[in-house]
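J.: Input: one structure, supplied below.
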Amino acid sequence: MPQIQTEFPHQVHIVETLWVPLPDGTRLAAKVWLPDTALSGAAPVPVLLEYLPYRLRDGTRTRDQGLHMYVAGHGYACVRLDIRGTGDSEGIITGEYTEQEQLDGVAAIEWLAAQPWCDGQVSMIGISWGGFNGLQIAALQPAALKSIITVGSTDDRYATDIHWVGGCLSKDNFDWSATMFSGNDLPPDPQVVGEAWRDMWMDRVKANQPWIIEWLHHQRRDDYWKQGSICEDFSAIKIPVYAVSGWADNYSEAVPRLLANLKGPRLGLVGPWAHSYPHEVTVEPAIGWLQELVRWLDHWTKGIDSGMMDQPMYRVWMQEYVPPQTCYLDRPGRWVAEDIWPSPRIQPERLTLGAHGILGGRGQGTAQICSPLWVGLTAGEVGRYGNDADWPTDQREDDGGSLVFLSTPLTATKEILGAPQLHLTFSSDKTQALVAVRLNDVAPDGRSTRVALGMLNLSHRDSHEHATALIPGQTYSATVDLDDTAHSFPPGHRIGISISTTYYPIAWPSPELATLTVHLGESQLELPVRPARPEDANLPDFGPPIIAPQTPHTYHPIENRPQRRVTRDLLSGKMTVDFPRWNYSKTMPDIGQTQTATGIISHEIIDGDPLSAVTLTDYKVTMQFPDHTIHHHSTGRMSCTATHFRVQQTLKIHEADTLIFEREWDEEIARDMV
C-alpha cells in the first residue's frame, strides 16, 4: 500500500465543482485542486488535466484525491473533468472517443489556460480512457497543451483495444459495452446540479444505447476505428509524451510503438503491473509514481532541471519465471533499460517449427490441428486488473488441444524484450479460421507458464481493412504478432510455442471448427533476444509509492460475492466461464452518498458446436442520495448463427420502488468473416 503524505510544499484549496463552458453552451463539471500561491492569480501555475467519463463526484472520487492533492501540493493546479453527458456534466455521451469528446477537450484546455490561476500551460494525464483521449487531443495540437502522460492506453483503437484483437472478436467487446451501458444513464448528483437533475437523468436514460450494436457494424478496420487511432498519423503529436503501462495489462504493446513512431521527446515505462497507476498496484512492486510525475511536469512546464530526460528512453521490468497460478501479488524481476527504441541491441532469433514437435528442430512435412472448444477456458482475463483468478493456469491444460513445439532445455539464461512473432505457413479446410498462439516457459517438471499471447483472424492475414476468405487447401503465409513482453527464461527450462484454432471465450469462435495444416520447416518463431546491459545495475531507484490522504469512504461487506469460475458439464458438453466485472458497496459520507453495484458476465458454449457460443451480462447499480434512491438494472445476451450475431438487451430504471422506464433491444448484425 502507498504511504500517506499529509504535508506538502503548498497548501491546497479544493473547488468541489467548477463549471467549464463549451462553445455550444454545454457546461462540463470539474473538480479543481489549487495550490495556495495560485488562488489570487498573482502566481499562476501550470494545469494538470484528467478527462474521464467515470464520474468525478462519486466514481473516481477517492483515487482522484490521492493523486491530484499530491500533485497540487507540489505547485500545480489539478483539474479532474467529466466528459459530456457523464457525472455532473451536461449533454449526452454518444460513444467512446468521439470527435465531439476530443473537440470538447480542446475547448476545455483553451478555457483552463485562460484562467487567472493558470500560467497558460496545460498537461494531460490519464489511465485507460484518459490515456486514450490524451493522445487523441495531443494530435489536435491545442496551443496550450505542453505534454501528456498516457497510462494503459493504445494508439490503435482496432488492433489493440478490447474490440477486435488480431481481427478476432474479443470477449471484452460485449463485456465492455454492458459495463458502459450500466453507467451511461446514471444521474448527476442533485446536490450539485439542483432541480435540473431529474431532466438530465431522463435525457440520459432515453438516449442510452448498447454500444456493442455499433461496434458490430464495424468488424473491419474502417474509418470508425481509424478516428481516434493516432497511429494513423504519429507525426501529428509534437509535444513530449510519457507512455506507461504494465505487462499484466492489455495495453502494454502501445508503449514501444509510441516510442518507435513518435518523433518528439518521449519516455516509456512498463512495470509488472495490471491495469493501474504504478503507485497503486495489485501486482508489486509499486513505485513512487507521483514523484516521477512531478519530475516530468517540473521539467516540461517549469523548466526545472529534474534529471527526468537524462534517463534511458525505455525502462521495463524484466520478469523472471514464476510457476503458473491464477493470481500474482508480485512478480520477481529487475529493472532494465534501453537508451532508444527500437534498440539496435535487440537481436531477432528464429526457431523453426520442426518435426516431432521440436522448436528449433529440422525436418519438413506438415502437422494438423483442429482444437476443441475447451481450449481457452482457463486463459484468464484479457485486460487484467490484478483480481483473483485473472491469470491463466498451467498451459498443459490448453496444450492438450493444441499443436505444441518445445525447444531443448536451455543451457544459459535467455531474455527477451519486445514482441515475439510466429511466421506461419499453413492451409485450412474451411474458408474462415482463426489461430491463437501462446509462448510458454516450460519448467523441468513440465509446468508451463504463459509468457505471451497472439491471435489472428486468418481472413485478416494480409489486412485488417480488407479481409479475404481462405481457399480450402491453398497454402498461405501469415505473421501472428504476440504481446510485447520482457521475460527471462532460466537455464534448464524450455521455450514452448502452442498453436490452437480456438481460444474461447477470449476470442469468439469461427462459424465452423477448422483444421489448420501447418507446414514444418517453413514456419518459424521469432524471438526478440536482449543481451545483458551492465548499466542496468546503476539505474536510479524510483522511491516508495506515496499518495495524499483519500476522501472518506467505507466499503461494506458483500455476502455471496460472485467468483471467477469455470464449469464443465461432461455429460451435455456445456461449458461456462464466469467473469465478475465488479461487486461492491461503498459509502462516501462527505457527499452523503452510497453506491452498490454488481456486474456479472458469463460465457457459455457447448463443446463441438461453435454456434452455441453465448455471452450473458447482468448489471445492477443502486445510488442512494440524501433524498433520492435510483436503480439501474440491465441484462444482455449475445449469440450467433453461421451468418449473424444477435444482440439482446433489456433496461429497467426504478426511482425508489417505482419502475419509471424500461426498454428492450433485439438486433441481428451480419458476420463479416469473423
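Identifiers in this document derive from the order of the C-alpha cells: chains are assigned A, B, ..., residues are numbered from 1 separately in each chain, and ligands are numbered from 1 in order of occurrence.
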Please provide the set of residues having any atom within 12 Å of A:Gly333, restricted to only C-alpha atoms, with same-chain residues fewer than 4 positions apart removed, written as a PyMOL selection string.

T.: chain A and resi 271-272+284-285+316-322+415+486-489

J.: Could you give me, as a Markdown table, a per-residue list for stretch 450-513 of chain A showing, wherever an atom lies at most 12 Å from an atom of stretch 393-407 of chain A, the closest pair of atoms and their distance in Å to one decimal, using only C-alpha atoms and sorting by chain then residue number from low to high?

T.:
| residue | atom | partner | partner_atom | distance |
| --- | --- | --- | --- | --- |
| A:Arg450 | CA | A:Gln395 | CA | 6.5 |
| A:Val451 | CA | A:Gln395 | CA | 10.2 |
| A:Ala452 | CA | A:Gln395 | CA | 11.6 |
| A:Leu453 | CA | A:Gln395 | CA | 11.7 |
| A:Phe489 | CA | A:Ser407 | CA | 11.7 |
| A:Gly492 | CA | A:Ser407 | CA | 10.6 |
| A:His493 | CA | A:Ser407 | CA | 8.8 |
| A:Arg494 | CA | A:Ser407 | CA | 5.3 |
| A:Ile495 | CA | A:Ser407 | CA | 5.3 |
| A:Gly496 | CA | A:Leu406 | CA | 4.5 |
| A:Ile497 | CA | A:Phe405 | CA | 5.3 |
| A:Ser498 | CA | A:Val404 | CA | 4.5 |
| A:Ile499 | CA | A:Leu403 | CA | 5.0 |
| A:Ser500 | CA | A:Ser402 | CA | 4.7 |
| A:Thr501 | CA | A:Ser402 | CA | 7.9 |
| A:Thr502 | CA | A:Ser402 | CA | 9.0 |
| A:Tyr503 | CA | A:Asp398 | CA | 9.0 |
| A:Tyr504 | CA | A:Asp398 | CA | 10.9 |

J.: Quick check, in Å to one decimal: how far apart do atom CA of A:Gln311 and atom CA of A:Asp484 lie?

T.: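 Between atom CA of A:Gln311 and atom CA of A:Asp484 the gap is 21.6 Å.
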
J.: With only C-alpha atoms as the basis for distance, which of A:Ala254, A:Trp296, A:Ala248, A:Pro409 is at the shortest distance from A:Asp330?

T.: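 Between A:Ala254, A:Trp296, A:Ala248, A:Pro409, the residue approaching A:Asp330 most closely is A:Ala248.
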
J.: Please tabulate, as a Markdown table, the residues of stretch 94-176 of chain A that come within 12 Å of stretch 599-617 of chain A, each with its closest pair of atoms and the distance in Å to one decimal, counting only C-alpha atoms and ordering rows by chain, then residue number upward.

T.:
| residue | atom | partner | partner_atom | distance |
| --- | --- | --- | --- | --- |
| A:Ser170 | CA | A:Thr615 | CA | 11.5 |
| A:Lys171 | CA | A:Thr615 | CA | 8.4 |
| A:Asp172 | CA | A:Ile601 | CA | 9.9 |
| A:Asn173 | CA | A:Thr615 | CA | 10.5 |
| A:Phe174 | CA | A:Thr615 | CA | 7.7 |
| A:Asp175 | CA | A:Ile601 | CA | 6.7 |
| A:Trp176 | CA | A:Ile601 | CA | 10.0 |

J.: Any chance you can output those residues with C-alpha atoms as an mmCIF file, in the first residue's frame?

T.:
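Output file out_1.cif follows:
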data_model
loop_
_atom_site.group_PDB
_atom_site.id
_atom_site.type_symbol
_atom_site.label_atom_id
_atom_site.label_comp_id
_atom_site.auth_asym_id
_atom_site.auth_seq_id
_atom_site.Cartn_x
_atom_site.Cartn_y
_atom_site.Cartn_z
ATOM 1 C CA SER A 170 -12.672 -10.095 -28.265
ATOM 2 C CA LYS A 171 -14.624 -11.294 -25.218
ATOM 3 C CA ASP A 172 -14.331 -7.770 -23.825
ATOM 4 C CA ASN A 173 -16.305 -6.253 -26.718
ATOM 5 C CA PHE A 174 -19.707 -7.185 -25.303
ATOM 6 C CA ASP A 175 -18.428 -7.107 -21.699
ATOM 7 C CA TRP A 176 -17.332 -3.505 -22.031
#

J.: With only C-alpha atoms as the atoms that count, which of A:Ser123, A:Thr94, A:Ser634, A:Thr479 lies nearest to A:Ser463?

T.: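 Among A:Ser123, A:Thr94, A:Ser634, A:Thr479, it is A:Thr479 that comes nearest to A:Ser463.
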
J.: One decimal, in Å: what's the spacing between atom CA of A:Ala43 and atom CA of A:Gln121?

T.: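 We find that atom CA of A:Ala43 and atom CA of A:Gln121 lie 13.3 Å from each other.
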
J.: Out of stretch 356-552 of chain A, which residues get alpha helix (DSSP H) from DSSP, as a list in words?

T.: Arg396, Glu397, Asp398 and Asp399 of chain A

J.: Hey, can you spit out that residue selection with C-alpha atoms as a short mmCIF file (atom, residue, chain, number, x, y, z; two decimals), in the first residue's frame?

T.:
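File written: selection_35.cif
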data_model
loop_
_atom_site.label_atom_id
_atom_site.label_comp_id
_atom_site.auth_asym_id
_atom_site.auth_seq_id
_atom_site.Cartn_x
_atom_site.Cartn_y
_atom_site.Cartn_z
CA ARG A 396 -0.64 -28.03 -20.21
CA GLU A 397 -4.43 -27.92 -19.95
CA ASP A 398 -4.81 -25.96 -23.19
CA ASP A 399 -1.85 -27.73 -24.75
#

J.: Please produce, as CSV, a per-residue contact table for stretch 124-213 of chain A versus stretch 626-633 of chain A (criterion: any atom at most 9 Å away, only C-alpha atoms considered), showing the nearest atom pair and its distance in Å to one decimal, sorted by chain then residue number.

T.:
residue,atom,partner,partner_atom,distance
A:Ser182,CA,A:His632,CA,6.9
A:Gly183,CA,A:His632,CA,8.6
A:Asp185,CA,A:His632,CA,8.1
A:Leu186,CA,A:His632,CA,7.6
A:Pro187,CA,A:Ile630,CA,8.5
A:Pro190,CA,A:His628,CA,8.6
A:Gln191,CA,A:Pro626,CA,8.7

J.: Generate a file of the selected residues that holds C-alpha atoms, formatted as a compact mmCIF listing (two decimals), in the first residue's frame.

T.:
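Produced file out_17.txt, reproduced below:
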# COMPACT_ATOMS: atom_id res chain seq x y z
CA SER A 182 -24.78 0.41 -16.86
CA GLY A 183 -23.07 3.74 -16.23
CA ASP A 185 -27.70 6.54 -17.73
CA LEU A 186 -26.77 7.25 -14.10
CA PRO A 187 -27.96 10.67 -12.87
CA PRO A 190 -28.89 16.58 -7.20
CA GLN A 191 -26.73 18.35 -4.61

J.: Which is closer to A:Asp189 than all the others in A:Gly87, A:Pro142, A:Gly166, A:Pro549, using only C-alpha atoms?

T.: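 Result for the nearest residue to A:Asp189: A:Gly87.
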
J.: Quick one: everything within 7 Å of A:Leu525, counting only C-alpha atoms, minus sequence neighbours fewer than 6 positions away in the same chain. Send it as a JSON list (two decimals) with C-alpha atoms, in the first residue's frame.

T.:
[["chain", "number", "residue", "atom", "x", "y", "z"],
["A", 350, "ARG", "CA", 14.35, -17.59, -35.36],
["A", 351, "LEU", "CA", 13.40, -21.05, -34.18],
["A", 352, "THR", "CA", 11.89, -23.37, -36.77],
["A", 421, "GLN", "CA", 6.15, -13.26, -33.84],
["A", 422, "LEU", "CA", 5.09, -16.55, -35.37],
["A", 423, "HIS", "CA", 5.73, -16.67, -39.11]]

J.: Which is closer to A:Gly131 than all the others in A:Gly228, A:Pro509, A:Gly194, A:Gly446, using only C-alpha atoms?

T.: A:Gly228

J.: Restricting the calculation to only C-alpha atoms: of A:Trp211, A:Trp582, A:Trp289, A:Phe625, which residue gets closest to A:Val192?

T.: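 That would be A:Phe625, the residue with the smallest distance to A:Val192.
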
J.: Which neighbours of stretch 49-59 of chain A fall inside 9 Å, counting only C-alpha atoms, when residues of the same chain fewer than 5 positions from it are skipped, and could you give them as a short mmCIF file (atom, residue, chain, number, x, y, z; two decimals) with N, CA and C atoms, in the first residue's frame?

T.:
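Output contents, as saved in around-v5.cif:
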data_model
loop_
_atom_site.label_atom_id
_atom_site.label_comp_id
_atom_site.auth_asym_id
_atom_site.auth_seq_id
_atom_site.Cartn_x
_atom_site.Cartn_y
_atom_site.Cartn_z
N GLU A 16 -14.88 22.04 -5.22
CA GLU A 16 -15.61 20.78 -5.44
C GLU A 16 -16.26 20.73 -6.82
N THR A 17 -16.83 21.85 -7.27
CA THR A 17 -17.43 21.88 -8.61
C THR A 17 -17.11 23.21 -9.28
N ALA A 29 -18.57 19.54 -15.85
CA ALA A 29 -18.27 19.63 -14.42
C ALA A 29 -16.82 19.27 -14.16
N ALA A 30 -16.17 20.05 -13.34
CA ALA A 30 -14.77 19.82 -12.99
C ALA A 30 -14.59 19.95 -11.48
N LYS A 31 -13.61 19.24 -10.98
CA LYS A 31 -13.13 19.44 -9.61
C LYS A 31 -11.71 19.94 -9.72
N ASP A 64 -8.94 10.03 -7.11
CA ASP A 64 -8.57 11.37 -7.60
C ASP A 64 -7.90 12.19 -6.50
N ALA A 77 -1.99 23.29 -10.55
CA ALA A 77 -3.45 23.29 -10.49
C ALA A 77 -3.93 22.01 -11.16
N CYS A 78 -4.59 21.16 -10.41
CA CYS A 78 -5.05 19.87 -10.95
C CYS A 78 -6.56 19.95 -11.20
N VAL A 79 -6.95 19.48 -12.37
CA VAL A 79 -8.34 19.54 -12.79
C VAL A 79 -8.80 18.16 -13.21
N ARG A 80 -9.86 17.67 -12.59
CA ARG A 80 -10.50 16.41 -12.99
C ARG A 80 -11.83 16.76 -13.64
N LEU A 81 -11.98 16.43 -14.94
CA LEU A 81 -13.09 16.89 -15.76
C LEU A 81 -13.93 15.71 -16.22
N ASP A 82 -15.26 15.82 -16.04
CA ASP A 82 -16.19 14.79 -16.53
C ASP A 82 -16.52 15.07 -18.00
N ILE A 83 -16.46 14.02 -18.82
CA ILE A 83 -16.82 14.11 -20.24
C ILE A 83 -18.30 14.46 -20.38
N ARG A 84 -18.64 15.12 -21.46
CA ARG A 84 -20.02 15.50 -21.77
C ARG A 84 -20.97 14.31 -21.54
N GLY A 85 -22.04 14.58 -20.78
CA GLY A 85 -23.07 13.56 -20.57
C GLY A 85 -22.76 12.56 -19.48
N THR A 86 -21.66 12.76 -18.73
CA THR A 86 -21.30 11.83 -17.66
C THR A 86 -21.13 12.60 -16.36
N GLY A 87 -21.33 11.89 -15.24
CA GLY A 87 -21.19 12.55 -13.95
C GLY A 87 -22.15 13.72 -13.85
N ASP A 88 -21.62 14.89 -13.51
CA ASP A 88 -22.45 16.09 -13.39
C ASP A 88 -22.38 16.98 -14.62
N SER A 89 -21.66 16.56 -15.66
CA SER A 89 -21.56 17.35 -16.89
C SER A 89 -22.86 17.29 -17.68
N ILE A 93 -23.54 11.55 -23.70
CA ILE A 93 -22.42 10.82 -24.26
C ILE A 93 -22.98 9.84 -25.30
N GLY A 105 -12.54 18.57 -25.36
CA GLY A 105 -11.28 18.61 -24.63
C GLY A 105 -10.40 19.76 -25.06
N ILE A 109 -9.29 22.87 -22.62
CA ILE A 109 -7.88 23.26 -22.42
C ILE A 109 -7.70 24.74 -22.67
N VAL A 122 -0.91 23.65 -20.02
CA VAL A 122 -1.72 22.52 -19.57
C VAL A 122 -1.00 21.23 -19.97
N SER A 123 -0.97 20.28 -19.06
CA SER A 123 -0.57 18.90 -19.38
C SER A 123 -1.76 18.00 -19.12
N MET A 124 -1.80 16.85 -19.77
CA MET A 124 -2.86 15.88 -19.54
C MET A 124 -2.28 14.59 -18.99
N ILE A 125 -3.04 13.98 -18.09
CA ILE A 125 -2.70 12.66 -17.57
C ILE A 125 -3.95 11.80 -17.61
N GLY A 126 -3.77 10.50 -17.79
CA GLY A 126 -4.93 9.62 -17.75
C GLY A 126 -4.52 8.17 -17.89
N ILE A 127 -5.31 7.30 -17.26
CA ILE A 127 -5.14 5.86 -17.42
C ILE A 127 -6.35 5.34 -18.16
N TRP A 129 -9.17 5.20 -20.49
CA TRP A 129 -9.88 6.19 -21.31
C TRP A 129 -9.14 7.52 -21.32
N GLY A 130 -8.68 7.97 -20.15
CA GLY A 130 -7.96 9.23 -20.08
C GLY A 130 -6.62 9.18 -20.77
N GLY A 131 -6.01 7.99 -20.87
CA GLY A 131 -4.79 7.84 -21.64
C GLY A 131 -5.05 7.91 -23.12
N ASN A 133 -7.66 9.59 -24.63
CA ASN A 133 -8.00 10.93 -25.12
C ASN A 133 -6.86 11.92 -24.94
N GLY A 134 -5.91 11.62 -24.06
CA GLY A 134 -4.72 12.47 -24.01
C GLY A 134 -3.95 12.42 -25.32
N GLY A 183 -23.49 2.47 -16.82
CA GLY A 183 -23.07 3.74 -16.23
C GLY A 183 -23.54 4.97 -16.98
N ASN A 184 -23.88 4.80 -18.26
CA ASN A 184 -24.19 5.97 -19.09
C ASN A 184 -25.52 6.63 -18.76
N PRO A 188 -26.84 12.79 -12.58
CA PRO A 188 -25.93 13.69 -11.86
C PRO A 188 -26.37 13.78 -10.40
N ASP A 189 -25.52 14.34 -9.59
CA ASP A 189 -25.82 14.49 -8.16
C ASP A 189 -26.76 15.68 -7.97
N MET A 588 -19.77 7.19 0.86
CA MET A 588 -18.90 8.37 0.87
C MET A 588 -19.59 9.42 1.73
N ILE A 591 -20.12 13.32 0.93
CA ILE A 591 -21.13 13.77 -0.03
C ILE A 591 -22.47 13.10 0.21
N GLN A 593 -23.51 9.90 0.09
CA GLN A 593 -23.94 9.00 -0.97
C GLN A 593 -23.43 7.58 -0.72
N GLN A 595 -23.19 3.87 -2.92
CA GLN A 595 -23.34 3.17 -4.19
C GLN A 595 -23.18 1.67 -3.96
#
